[in-house]
Every structure is written in C-alpha cells, then in structure tokens.
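Okay, query.pdb is below, PDB, C-alpha atoms:
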```pdb
ATOM      1  CA  MET O 916     -33.986 -13.350   2.401
ATOM      2  CA  LYS O 917     -35.146 -14.930   5.656
ATOM      3  CA  ARG O 918     -31.752 -16.553   6.175
ATOM      4  CA  PHE O 919     -29.972 -13.206   5.961
ATOM      5  CA  PHE O 920     -32.367 -11.559   8.417
ATOM      6  CA  ILE O 921     -32.051 -14.419  10.897
ATOM      7  CA  GLY O 922     -28.265 -14.348  10.567
ATOM      8  CA  PHE O 923     -28.160 -10.586  11.143
ATOM      9  CA  ALA O 924     -30.307 -10.965  14.275
ATOM     10  CA  VAL O 925     -28.112 -13.786  15.600
ATOM     11  CA  VAL O 926     -24.969 -11.667  15.107
ATOM     12  CA  SER O 927     -26.539  -8.813  17.137
ATOM     13  CA  LEU O 928     -27.632 -11.215  19.891
ATOM     14  CA  LEU O 929     -24.134 -12.696  20.118
ATOM     15  CA  LEU O 930     -22.494  -9.265  20.217
ATOM     16  CA  ALA O 931     -24.792  -8.011  22.996
ATOM     17  CA  GLY O 932     -25.073 -11.314  24.838
ATOM     18  CA  VAL O 933     -21.494 -12.629  24.699
ATOM     19  CA  VAL O 934     -18.965 -10.199  23.207
ATOM     20  CA  SER O 935     -20.259  -7.469  25.572
ATOM     21  CA  TYR O 936     -18.398  -9.201  28.434
ATOM     22  CA  PHE O 937     -15.148  -8.302  26.699
ATOM     23  CA  ALA O 938     -15.996  -4.610  26.221
ATOM     24  CA  ASN O 939     -13.427  -2.135  27.531
ATOM     25  CA  SER O 940     -14.673  -0.753  30.867
ATOM     26  CA  ASN O 941     -12.697   2.498  30.775
ATOM     27  CA  PRO O 942     -14.703   5.727  30.405
ATOM     28  CA  ASP O 943     -15.434   6.651  26.804
ATOM     29  CA  GLY O 944     -13.943   9.714  25.133
ATOM     30  CA  LEU O 945     -16.724  12.080  26.202
ATOM     31  CA  ASP O 946     -16.757  10.870  29.810
ATOM     32  CA  HIS O 947     -12.963  10.991  29.978
ATOM     33  CA  VAL O 948     -12.775  14.589  28.762
ATOM     34  CA  THR O 949     -15.575  15.774  31.072
ATOM     35  CA  GLU O 950     -13.895  14.011  34.014
ATOM     36  CA  VAL O 951     -10.406  15.400  33.313
ATOM     37  CA  HIS O 952     -11.712  18.962  32.974
ATOM     38  CA  GLY O 953     -14.021  18.835  35.975
ATOM     39  CA  ILE O 954     -17.188  19.124  33.912
ATOM     40  CA  ALA O 955     -18.373  15.728  35.149
ATOM     41  CA  GLU O 956     -18.609  17.118  38.695
ATOM     42  CA  HIS O 957     -21.833  18.712  37.498
ATOM     43  CA  ALA O 958     -23.188  15.414  36.198
ATOM     44  CA  LYS O 959     -26.342  14.177  37.867
ATOM     45  CA  GLU O 960     -27.271  10.554  38.192
ATOM     46  CA  SER O 961     -29.972   9.518  35.799
ATOM     47  CA  PRO O 962     -33.364   9.482  37.578
ATOM     48  CA  LEU O 963     -33.537   5.896  36.336
ATOM     49  CA  SER O 964     -30.180   4.816  37.804
ATOM     50  CA  GLY O 965     -31.964   2.625  40.335
ATOM     51  CA  SER O 966     -34.024   0.791  37.736
ATOM     52  CA  LEU O 967     -33.750  -2.964  37.243
ATOM     53  CA  PHE O 968     -31.530  -2.967  34.144
ATOM     54  CA  ALA O 969     -29.531   0.210  34.892
ATOM     55  CA  ASP O 970     -25.972   0.140  33.523
ATOM     56  CA  TYR O 971     -26.654  -2.999  31.487
ATOM     57  CA  ALA O 972     -26.841  -5.146  34.608
ATOM     58  CA  VAL O 973     -29.704  -6.941  36.305
ATOM     59  CA  GLY O 974     -30.398  -5.522  39.747
ATOM     60  CA  GLY O 975     -26.893  -4.003  39.810
ATOM     61  CA  ASP O 976     -25.204  -7.354  39.144
ATOM     62  CA  ASP O 977     -23.072  -6.956  36.039
ATOM     63  CA  ARG O 978     -22.507 -10.694  35.711
ATOM     64  CA  PHE O 979     -25.826 -10.416  33.859
ATOM     65  CA  THR O 980     -24.605  -7.876  31.299
ATOM     66  CA  GLY O 981     -25.202 -10.419  28.542
ATOM     67  CA  VAL O 982     -28.802 -10.907  29.672
ATOM     68  CA  ALA O 983     -29.352  -7.146  29.661
ATOM     69  CA  GLY O 984     -27.740  -6.998  26.223
ATOM     70  CA  VAL O 985     -29.985  -9.697  24.767
ATOM     71  CA  LEU O 986     -33.016  -7.979  26.282
ATOM     72  CA  GLY O 987     -31.914  -4.683  24.724
ATOM     73  CA  VAL O 988     -31.488  -6.241  21.282
ATOM     74  CA  VAL O 989     -34.918  -7.882  21.471
ATOM     75  CA  VAL O 990     -36.680  -4.736  22.698
ATOM     76  CA  THR O 991     -34.922  -2.606  20.061
ATOM     77  CA  LEU O 992     -35.857  -5.052  17.332
ATOM     78  CA  VAL O 993     -39.498  -5.200  18.407
ATOM     79  CA  LEU O 994     -39.897  -1.426  18.843
ATOM     80  CA  ALA O 995     -37.905  -0.348  15.781
ATOM     81  CA  GLY O 996     -39.103  -3.199  13.585
ATOM     82  CA  GLY O 997     -42.706  -2.598  14.668
ATOM     83  CA  LEU O 998     -42.503   1.141  14.011
ATOM     84  CA  PHE O 999     -40.898   0.655  10.593
ATOM     85  CA  TRP O1000     -43.412  -2.056   9.649
ATOM     86  CA  LEU O1001     -46.302   0.286  10.508
ATOM     87  CA  LEU O1002     -44.705   3.176   8.618
ATOM     88  CA  ARG O1003     -43.906   1.210   5.457
ATOM     89  CA  LYS O1004     -45.537   1.793   2.102
ATOM     90  CA  ARG O1005     -47.934  -1.026   1.369
ATOM     91  CA  SER O1006     -47.452  -2.568  -2.040
ATOM     92  CA  PRO O1007     -50.587  -2.317  -4.252
ATOM     93  CA  GLN O1008     -51.398  -6.031  -4.094
ATOM     94  CA  GLY O1009     -51.209  -5.863  -0.321
ATOM     95  CA  LYS O1010     -48.347  -8.325  -0.465
TER      96      LYS O1010
ATOM     97  CA  MET A 138     -13.588  12.746  44.477
ATOM     98  CA  PHE A 139     -11.100  10.706  42.508
ATOM     99  CA  GLY A 140     -12.096   7.588  44.402
ATOM    100  CA  ASN A 141     -15.689   8.333  43.582
ATOM    101  CA  TYR A 142     -15.003   8.595  39.906
ATOM    102  CA  ARG A 143     -13.040   5.357  39.904
ATOM    103  CA  GLY A 144     -15.882   3.518  41.564
ATOM    104  CA  ARG A 145     -18.456   4.928  39.227
ATOM    105  CA  VAL A 146     -16.512   3.997  36.151
ATOM    106  CA  SER A 147     -15.787   0.449  37.205
ATOM    107  CA  GLU A 148     -19.426  -0.322  37.683
ATOM    108  CA  THR A 149     -20.713   1.139  34.443
ATOM    109  CA  ILE A 150     -20.238   0.784  30.758
ATOM    110  CA  ALA A 151     -20.032   4.524  30.378
ATOM    111  CA  MET A 152     -21.643   6.108  27.348
ATOM    112  CA  HIS A 153     -23.322   9.332  26.294
ATOM    113  CA  MET A 154     -23.848  12.679  27.939
ATOM    114  CA  SER A 155     -25.190  12.543  31.498
ATOM    115  CA  ASP A 156     -27.764  14.915  32.927
ATOM    116  CA  GLY A 157     -26.402  18.123  34.424
ATOM    117  CA  LEU A 158     -23.525  18.800  32.002
ATOM    118  CA  LEU A 159     -25.667  21.359  30.184
ATOM    119  CA  ASN A 160     -27.831  23.926  31.948
ATOM    120  CA  ALA A 161     -31.608  23.531  31.848
ATOM    121  CA  PRO A 162     -32.401  26.026  29.041
ATOM    122  CA  THR A 163     -29.739  24.492  26.792
ATOM    123  CA  SER A 164     -30.976  20.966  27.526
ATOM    124  CA  LEU A 165     -34.501  22.098  26.669
ATOM    125  CA  LEU A 166     -33.333  23.840  23.487
ATOM    126  CA  PHE A 167     -31.841  20.584  22.236
ATOM    127  CA  VAL A 168     -34.927  18.621  23.214
ATOM    128  CA  VAL A 169     -36.785  20.933  20.813
ATOM    129  CA  VAL A 170     -34.110  20.506  18.123
ATOM    130  CA  ALA A 171     -34.281  16.717  18.526
ATOM    131  CA  VAL A 172     -38.091  16.596  18.422
ATOM    132  CA  VAL A 173     -38.194  18.691  15.244
ATOM    133  CA  GLY A 174     -35.417  16.658  13.597
ATOM    134  CA  VAL A 175     -36.932  13.302  14.504
ATOM    135  CA  GLY A 176     -40.345  14.559  13.344
ATOM    136  CA  VAL A 177     -38.931  15.389   9.929
ATOM    137  CA  ALA A 178     -37.210  11.983   9.782
ATOM    138  CA  LEU A 179     -40.501  10.257  10.689
ATOM    139  CA  ALA A 180     -42.307  12.079   7.891
ATOM    140  CA  LYS A 181     -39.614  11.282   5.318
ATOM    141  CA  ALA A 182     -38.833   7.703   6.394
ATOM    142  CA  ARG A 183     -42.029   6.259   4.943
ATOM    143  CA  GLY A 184     -40.745   6.711   1.406
ATOM    144  CA  ASP A 185     -37.781   4.439   2.141
ATOM    145  CA  LEU A 186     -39.699   1.687   3.940
ATOM    146  CA  ASP A 187     -41.347  -1.283   2.255
ATOM    147  CA  ASP A 188     -41.949  -4.956   3.025
ATOM    148  CA  ARG A 189     -38.258  -5.690   2.489
ATOM    149  CA  THR A 190     -36.520  -2.665   3.961
ATOM    150  CA  ALA A 191     -38.696  -2.350   7.102
ATOM    151  CA  PRO A 192     -37.419  -5.584   8.698
ATOM    152  CA  MET A 193     -33.872  -4.686   7.593
ATOM    153  CA  ALA A 194     -34.206  -1.319   9.374
ATOM    154  CA  GLY A 195     -35.376  -2.999  12.587
ATOM    155  CA  LEU A 196     -32.350  -5.295  12.423
ATOM    156  CA  VAL A 197     -30.010  -2.366  11.809
ATOM    157  CA  ALA A 198     -31.350  -0.637  14.949
ATOM    158  CA  ALA A 199     -30.806  -3.832  16.966
ATOM    159  CA  PHE A 200     -27.279  -4.141  15.558
ATOM    160  CA  VAL A 201     -26.466  -0.528  16.489
ATOM    161  CA  PHE A 202     -27.727  -1.203  20.025
ATOM    162  CA  ALA A 203     -25.546  -4.320  20.315
ATOM    163  CA  THR A 204     -22.466  -2.652  18.864
ATOM    164  CA  GLN A 205     -22.794   0.412  21.111
ATOM    165  CA  MET A 206     -22.241  -1.919  24.091
ATOM    166  CA  LEU A 207     -18.816  -2.864  22.775
ATOM    167  CA  ASN A 208     -16.424  -0.199  24.024
ATOM    168  CA  PHE A 209     -12.980  -0.568  22.471
ATOM    169  CA  PRO A 210      -9.758   0.972  23.855
ATOM    170  CA  VAL A 211      -8.498   4.144  22.161
ATOM    171  CA  LEU A 212      -5.908   5.478  24.656
ATOM    172  CA  PRO A 213      -4.659   4.214  28.026
ATOM    173  CA  GLY A 214      -7.689   4.532  30.306
ATOM    174  CA  VAL A 215     -10.004   5.761  27.563
ATOM    175  CA  SER A 216     -12.474   3.818  25.438
ATOM    176  CA  GLY A 217     -14.858   4.565  22.624
ATOM    177  CA  HIS A 218     -17.864   2.966  21.021
ATOM    178  CA  LEU A 219     -19.711   3.083  17.751
ATOM    179  CA  LEU A 220     -22.284   5.854  17.312
ATOM    180  CA  GLY A 221     -23.773   4.201  14.237
ATOM    181  CA  GLY A 222     -25.101   7.103  12.162
ATOM    182  CA  ALA A 223     -23.065   6.437   9.022
ATOM    183  CA  LEU A 224     -23.618   2.693   9.349
ATOM    184  CA  ALA A 225     -27.380   3.105   9.550
ATOM    185  CA  ALA A 226     -27.514   5.732   6.791
ATOM    186  CA  ILE A 227     -25.501   3.594   4.350
ATOM    187  CA  LEU A 228     -27.661   0.520   5.005
ATOM    188  CA  VAL A 229     -31.163   2.008   5.352
ATOM    189  CA  GLY A 230     -30.924   5.664   4.301
ATOM    190  CA  PRO A 231     -30.630   8.896   6.270
ATOM    191  CA  TRP A 232     -34.228   9.270   7.505
ATOM    192  CA  VAL A 233     -34.725   5.694   8.629
ATOM    193  CA  GLY A 234     -31.130   5.646   9.876
ATOM    194  CA  ALA A 235     -31.718   8.664  12.100
ATOM    195  CA  LEU A 236     -34.783   6.906  13.536
ATOM    196  CA  CYS A 237     -32.752   3.727  14.183
ATOM    197  CA  VAL A 238     -30.145   5.616  16.226
ATOM    198  CA  THR A 239     -32.866   7.644  18.012
ATOM    199  CA  ILE A 240     -34.700   4.498  19.108
ATOM    200  CA  VAL A 241     -31.426   3.051  20.422
ATOM    201  CA  LEU A 242     -30.628   6.216  22.406
ATOM    202  CA  VAL A 243     -34.129   6.485  23.901
ATOM    203  CA  LEU A 244     -34.085   2.838  24.965
ATOM    204  CA  GLN A 245     -30.604   3.169  26.447
ATOM    205  CA  ALA A 246     -31.677   6.172  28.513
ATOM    206  CA  LEU A 247     -35.025   4.763  29.655
ATOM    207  CA  LEU A 248     -34.313   1.042  30.065
ATOM    208  CA  PHE A 249     -30.606   1.015  30.944
ATOM    209  CA  ALA A 250     -30.135   4.483  32.537
ATOM    210  CA  ASP A 251     -27.351   5.024  29.973
ATOM    211  CA  GLY A 252     -27.164   8.710  29.151
ATOM    212  CA  GLY A 253     -29.243  11.310  30.932
ATOM    213  CA  VAL A 254     -32.958  11.902  30.496
ATOM    214  CA  THR A 255     -32.833  15.700  30.185
ATOM    215  CA  ALA A 256     -29.656  15.181  28.098
ATOM    216  CA  LEU A 257     -31.547  12.936  25.688
ATOM    217  CA  GLY A 258     -32.316  15.840  23.358
ATOM    218  CA  ALA A 259     -28.629  16.723  23.016
ATOM    219  CA  ASN A 260     -27.604  13.075  22.670
ATOM    220  CA  VAL A 261     -30.192  12.504  19.919
ATOM    221  CA  THR A 262     -29.163  15.742  18.209
ATOM    222  CA  ASN A 263     -25.488  14.732  18.163
ATOM    223  CA  MET A 264     -25.547  11.030  17.450
ATOM    224  CA  ALA A 265     -28.857  10.440  15.641
ATOM    225  CA  LEU A 266     -29.266  13.696  13.706
ATOM    226  CA  ILE A 267     -25.817  15.261  13.192
ATOM    227  CA  GLY A 268     -23.968  11.934  13.015
ATOM    228  CA  THR A 269     -26.384  10.295  10.603
ATOM    229  CA  ALA A 270     -26.708  13.365   8.364
ATOM    230  CA  THR A 271     -22.937  13.805   8.197
ATOM    231  CA  GLY A 272     -22.277  10.139   7.515
ATOM    232  CA  TYR A 273     -24.907  10.085   4.789
ATOM    233  CA  LEU A 274     -23.709  13.258   3.056
ATOM    234  CA  ILE A 275     -20.121  11.999   2.953
ATOM    235  CA  ALA A 276     -21.225   8.560   1.744
ATOM    236  CA  VAL A 277     -23.396  10.014  -1.029
ATOM    237  CA  SER A 278     -20.670  12.370  -2.172
ATOM    238  CA  LEU A 279     -18.339   9.368  -2.487
ATOM    239  CA  ARG A 280     -20.957   7.006  -3.939
ATOM    240  CA  ARG A 281     -19.162   6.541  -7.262
ATOM    241  CA  PHE A 282     -16.262   4.926  -5.370
ATOM    242  CA  ALA A 283     -18.660   2.726  -3.397
ATOM    243  CA  ARG A 284     -19.733   1.087  -6.650
ATOM    244  CA  LYS A 285     -16.152   0.021  -7.343
ATOM    245  CA  GLY A 286     -16.161  -3.301  -5.572
ATOM    246  CA  LYS A 287     -15.333  -4.398  -2.046
ATOM    247  CA  GLY A 288     -12.423  -2.031  -1.453
ATOM    248  CA  GLY A 289     -14.470   0.898  -2.677
ATOM    249  CA  ILE A 290     -17.450   0.390  -0.410
ATOM    250  CA  ALA A 291     -15.186  -0.379   2.551
ATOM    251  CA  ALA A 292     -13.250   2.862   2.034
ATOM    252  CA  VAL A 293     -16.425   4.940   1.640
ATOM    253  CA  ALA A 294     -17.924   3.380   4.790
ATOM    254  CA  PHE A 295     -14.711   4.002   6.746
ATOM    255  CA  VAL A 296     -14.420   7.669   5.780
ATOM    256  CA  SER A 297     -18.152   8.380   6.285
ATOM    257  CA  ALA A 298     -18.085   6.820   9.748
ATOM    258  CA  LEU A 299     -14.867   8.563  10.811
ATOM    259  CA  VAL A 300     -16.248  11.972   9.845
ATOM    260  CA  ASN A 301     -19.656  11.128  11.405
ATOM    261  CA  THR A 302     -17.981  10.492  14.781
ATOM    262  CA  VAL A 303     -15.895  13.665  14.710
ATOM    263  CA  VAL A 304     -18.742  15.951  13.609
ATOM    264  CA  ALA A 305     -21.181  14.391  16.108
ATOM    265  CA  SER A 306     -18.659  15.073  18.887
ATOM    266  CA  ALA A 307     -18.399  18.667  17.661
ATOM    267  CA  GLY A 308     -22.127  18.849  18.433
ATOM    268  CA  PHE A 309     -21.252  18.412  22.102
ATOM    269  CA  VAL A 310     -18.640  21.175  21.842
ATOM    270  CA  VAL A 311     -21.271  23.569  20.446
ATOM    271  CA  GLU A 312     -23.807  22.577  23.132
ATOM    272  CA  TYR A 313     -21.179  23.060  25.817
ATOM    273  CA  ALA A 314     -20.331  26.491  24.416
ATOM    274  CA  ILE A 315     -24.013  27.470  24.503
ATOM    275  CA  GLY A 316     -24.760  26.332  28.033
ATOM    276  CA  GLY A 317     -22.233  23.957  29.555
ATOM    277  CA  GLN A 318     -21.481  23.734  33.271
ATOM    278  CA  GLY A 319     -18.018  24.184  34.744
ATOM    279  CA  GLY A 320     -16.774  27.104  32.692
ATOM    280  CA  VAL A 321     -14.055  25.273  30.787
ATOM    281  CA  ALA A 322     -12.700  27.323  27.854
ATOM    282  CA  PHE A 323     -14.186  26.577  24.431
ATOM    283  CA  GLY A 324     -10.799  25.843  22.847
ATOM    284  CA  THR A 325      -9.841  23.409  25.596
ATOM    285  CA  VAL A 326     -13.086  21.448  25.311
ATOM    286  CA  ALA A 327     -13.002  21.516  21.515
ATOM    287  CA  ALA A 328      -9.413  20.256  21.252
ATOM    288  CA  ALA A 329      -9.896  17.510  23.849
ATOM    289  CA  ILE A 330     -13.260  16.273  22.548
ATOM    290  CA  ILE A 331     -12.411  16.393  18.860
ATOM    291  CA  GLY A 332      -8.944  14.916  19.413
ATOM    292  CA  VAL A 333     -10.209  11.817  21.201
ATOM    293  CA  HIS A 334     -13.095  11.406  18.749
ATOM    294  CA  VAL A 335     -10.719  11.228  15.796
ATOM    295  CA  LEU A 336      -9.333   8.103  17.464
ATOM    296  CA  ILE A 337     -12.817   6.763  18.260
ATOM    297  CA  GLY A 338     -13.771   7.566  14.665
ATOM    298  CA  ILE A 339     -11.072   5.201  13.404
ATOM    299  CA  GLY A 340     -12.730   2.409  15.396
ATOM    300  CA  GLU A 341     -16.156   3.494  14.155
ATOM    301  CA  GLY A 342     -14.757   3.497  10.616
ATOM    302  CA  LEU A 343     -13.357  -0.029  10.909
ATOM    303  CA  ILE A 344     -16.584  -1.459  12.394
ATOM    304  CA  THR A 345     -18.728   0.324   9.802
ATOM    305  CA  ALA A 346     -16.508  -0.790   6.914
ATOM    306  CA  ALA A 347     -16.541  -4.415   8.109
ATOM    307  CA  THR A 348     -20.329  -4.429   8.581
ATOM    308  CA  VAL A 349     -21.213  -2.718   5.309
ATOM    309  CA  THR A 350     -18.762  -4.913   3.376
ATOM    310  CA  ALA A 351     -20.263  -8.057   4.920
ATOM    311  CA  VAL A 352     -23.837  -7.031   4.062
ATOM    312  CA  THR A 353     -22.791  -6.011   0.531
ATOM    313  CA  ALA A 354     -21.134  -9.388  -0.021
ATOM    314  CA  VAL A 355     -24.362 -11.327   0.596
ATOM    315  CA  ARG A 356     -27.219  -8.871   0.010
ATOM    316  CA  PRO A 357     -26.094  -5.822  -2.017
ATOM    317  CA  ASP A 358     -29.781  -5.125  -2.770
ATOM    318  CA  LEU A 359     -30.285  -4.297   0.922
ATOM    319  CA  VAL A 360     -27.613  -1.568   0.938
ATOM    320  CA  TYR A 361     -29.390   1.785   0.542
ATOM    321  CA  LEU A 362     -26.316   3.599  -0.751
ATOM    322  CA  LEU A 363     -25.831   1.103  -3.597
ATOM    323  CA  ARG A 364     -29.536   0.925  -4.360
ATOM    324  CA  GLY A 365     -29.563   4.638  -5.067
ATOM    325  CA  ALA A 366     -26.691   4.116  -7.485
ATOM    326  CA  GLU A 367     -28.501   1.288  -9.269
ATOM    327  CA  GLN A 368     -31.651   3.325  -9.669
ATOM    328  CA  LYS A 369     -29.665   6.100 -11.273
ATOM    329  CA  LEU A 370     -28.088   3.661 -13.700
ATOM    330  CA  GLU A 371     -31.477   2.196 -14.599
ATOM    331  CA  LEU A 372     -32.892   5.638 -15.255
ATOM    332  CA  ARG A 373     -30.034   6.431 -17.604
ATOM    333  CA  ALA A 374     -30.302   3.117 -19.449
TER     334      ALA A 374
END
```

Before anything else, please render the file you have as structure tokens.
Amino acid sequence: MKRFFIGFAVVSLLLAGVVSYFANSNPDGLDHVTEVHGIAEHAKESPLSGSLFADYAVGGDDRFTGVAGVLGVVVTLVLAGGLFWLLRKRSPQGK
Amino acid sequence: MFGNYRGRVSETIAMHMSDGLLNAPTSLLFVVVAVVGVGVALAKARGDLDDRTAPMAGLVAAFVFATQMLNFPVLPGVSGHLLGGALAAILVGPWVGALCVTIVLVLQALLFADGGVTALGANVTNMALIGTATGYLIAVSLRRFARKGKGGIAAVAFVSALVNTVVASAGFVVEYAIGGQGGVAFGTVAAAIIGVHVLIGIGEGLITAATVTAVTAVRPDLVYLLRGAEQKLELRA
C-alpha cells in the first residue's frame, strides 16, 4: 500500500520536475484558436503575472521550471490530500 | 502585434482561458456555476473518501497537476495538454475527481498565474465539472468492457478521456457564445475549438489509458470504476 503511494508520488515529482523541461512550448489548442481569430487581443494579463512562480518559473527564470513543478506537486498533494483526509468517513474503530 | 504574441508564447507554458476573453457578466455567471458545482461535489465526495482512498485522491490531484505541465504537440505550432477529468473520475470517482481537477486549476491560477483569475469560474466549469462528469458518464456506460482485462480498461479510459476533452472544449464554445469578446462567429469558434480538441483528446486518451492501465496492473482495488463493478458482483452473489 505504502509502496504504491510513494511510487505514485515519485512519478508525479519526476514528471513535473524533469519531464516538464521537454514539454512542447507552442500555444495549446485554446490559445492557438483565440490567437488566430483575434480573440486573444482581448486577453488581460493575470493580476498575478508578476508573482514569484508565475508561468512555472522562479522570478521569471524558466531554467527553474522543474523547481516550480516540484513545488506545485507538493502544494497540490498537501492541499488536496489534506482536504480529502479531513472529509473522509472515519471507520468505526477510528482506525 | 505578431511579435508580441511570439514573445508571450515563448516565455510561457500556455494553458487555460485567460482573463478578458469573456465579458464580466459571463465570467461572473460561470463563477456562480463553478461554486455551485464544486459545492455539490464537496457534499457528495465524503461518501467516496476513506482512510485508503483519501491519500489516493491527493496523489491523483498531484499527478494531474504534473501531467498538465506536459504539453505535447498536436499540429505544427500547436500543443495540447491533459485536462484530467476522466482520469480522475475513473481512479477516484466523479465527485472527488471534480475536486482534484478544481484544486489543480485554482493552484495554477493563484500560484503560477496560469489561467485567469476572473476566468477561473469558466475554467473550473469546463475542465473540472463538464470534463469530469462527461468522462465519468462515458466510463460508467462502458464499465462492462473495463472488466475485460487490460485491453478493456485501456480502451474505456481512452474513449472516456477523448470525449471528456472534446466536451470540455465545447464548454468554452458555449461560454464564448454567451459573452465572448471579439465577435467571432459561433460556427467558426466551434469548428476551430472542437477540431483541435479532438486531436488533443487523442493525447489525453493515450495518457489516461496508460495511467489507468498501470494503476490497475498493481492496485486494481484503488480504481474506482472497477470497485463499483466488484460491489455490484458481490451484491448479486
């Protein structure tokens, strides 16, 4: 049980921390279509675009994409895991 | 303008709807839709969470976050990435799955400035609510095939994820029709968005099939879709 969970976490960390450097940097389907048809002209920068980890970089330096990715995986795991742990049905024995 | 767009793209891993594509009332409308939908999911999720499935659900959310970073090429100059609704629904159920994708989208918007803030309601509606619900409904309707070994579950995961991507993208088309900026004709937006998302859906299908097959191989008891099937069998027996 524990081994599977640890393995699953390691896979996510490797994907976000290492494989993310090989991600395709072209716009995704939605961005492409909105750009081609001029809809993206209306796009506004996120109010958080100046924040430390904006665009999966650290201080705008995307050599640290892997660091941002690992941080994202850890924060997601803590927030989601914590929420789901609090929400769960407790078994009668409290175990 | 073109130079601008080039520069912007090269420095970002682009994902999700930005702010400003929808007018303010439409953005607000979908914030309300998202809040109601996520509220229902929160109320229903409890029934699917126990000491074993709660950690699994946290790991599924983390996996969806990681995989959403991995844009793959779909056409020259165009990429796509996993949305994750079908994946999450097959592994942890529709209610918990919708919460997994929601948490990922909120974190992306707030921590990584990926996707707009006022657009968060529409992004959650499309990817976390519509995508997860669609993926789950397709997967459940095909559940009898999922029980038929590795090929069966892989095929069910692939089809559920492909349809999840296409229907989630149709959510954008509807939102754009209600209150999109730029006045592009409905048919034009629909054809372009749905066309490219069929291709992205193939990638989503392959990733989902590979992931679900891998989990099923080692821990079939942690696959929500198969658990439902087992319970039914037990009840009959």

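Using only C-alpha atoms, the contacts of segment 965-969 of chain O at a cut-off of 8 Å, with sequence neighbours closer than 3 positions omitted, comprise Pro962, Ala972, Val973, Gly974, Gly975 and Ala983 of chain O; Leu248, Phe249, Ala250 and Asp251 of chain A.
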
Determine the residue membership of the PyMOL selection byres ((chain A) within 6 of (chain O)) for the file above and supply it as a list in words.
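After applying the PyMOL selection byres ((chain A) within 6 of (chain O)), what remains is Thr149, Ile150, Ala151, Ser155, Asp156, Gly157, Leu158, Arg183, Leu186, Asp187, Ala191, Pro192, Gly195, Ala199, Phe200, Ala203, Leu207, Asn208, Phe209, Gly214, Val215, Ser216, Gly217, Phe249, Ala250, Gly253, Gly319 and Val333 of chain A.
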
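For the pair atom CA of Leu159 of chain A and atom CA of Ala178 of chain A, the interatomic distance is 25.2 Å.
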
Where does the PyMOL selection byres ((chain A and resi 337-351) around 9) land in this file, that is, which residues does it pick, as a PyMOL selection string?
(chain O and resi 943-944) or (chain A and resi 204+209-211+216-221+223-224+227-228+287-288+290-303+333-336+352-356+360)

As JSON, what would the box around segment 932-936 of chain O look like: edges along x, y and z, 5 Å added on every side, centre and edge lengths in Å to one decimal?
```
{"center_x": -21.7, "center_y": -10.0, "center_z": 25.8, "size_x": 16.7, "size_y": 15.2, "size_z": 15.2}
```

Please report the interatomic distance between atom CA of Trp232 of chain A and atom CA of Ala182 of chain A in Å with one decimal.
5.0 Å

Using all atoms listed in the file, the best pick from A:Thr271, A:Ser278, A:Thr262, A:Thr325 as closest to Val173 of chain A would be A:Thr262

Let me know the residues the PyMOL selection byres ((chain A and resi 258-261) around 7) catches in the file above, as a list in words.
His153, Met154, Ser164, Phe167, Val168, Ala171, Thr239, Leu242, Thr255, Ala256, Leu257, Thr262, Asn263, Met264, Ala265 and Leu266 of chain A

Could you state the separation of atom CA of Ala305 of chain A and atom CA of Ile267 of chain A in Å, given to one decimal place?
5.5 Å

Pick the closest to Val238 of chain A from A:Leu196, A:Val169, A:Leu363, A:Ile275: which is it, counting all atoms listed in the file?
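Ranked by minimum distance to Val238 of chain A, first place goes to A:Leu196.
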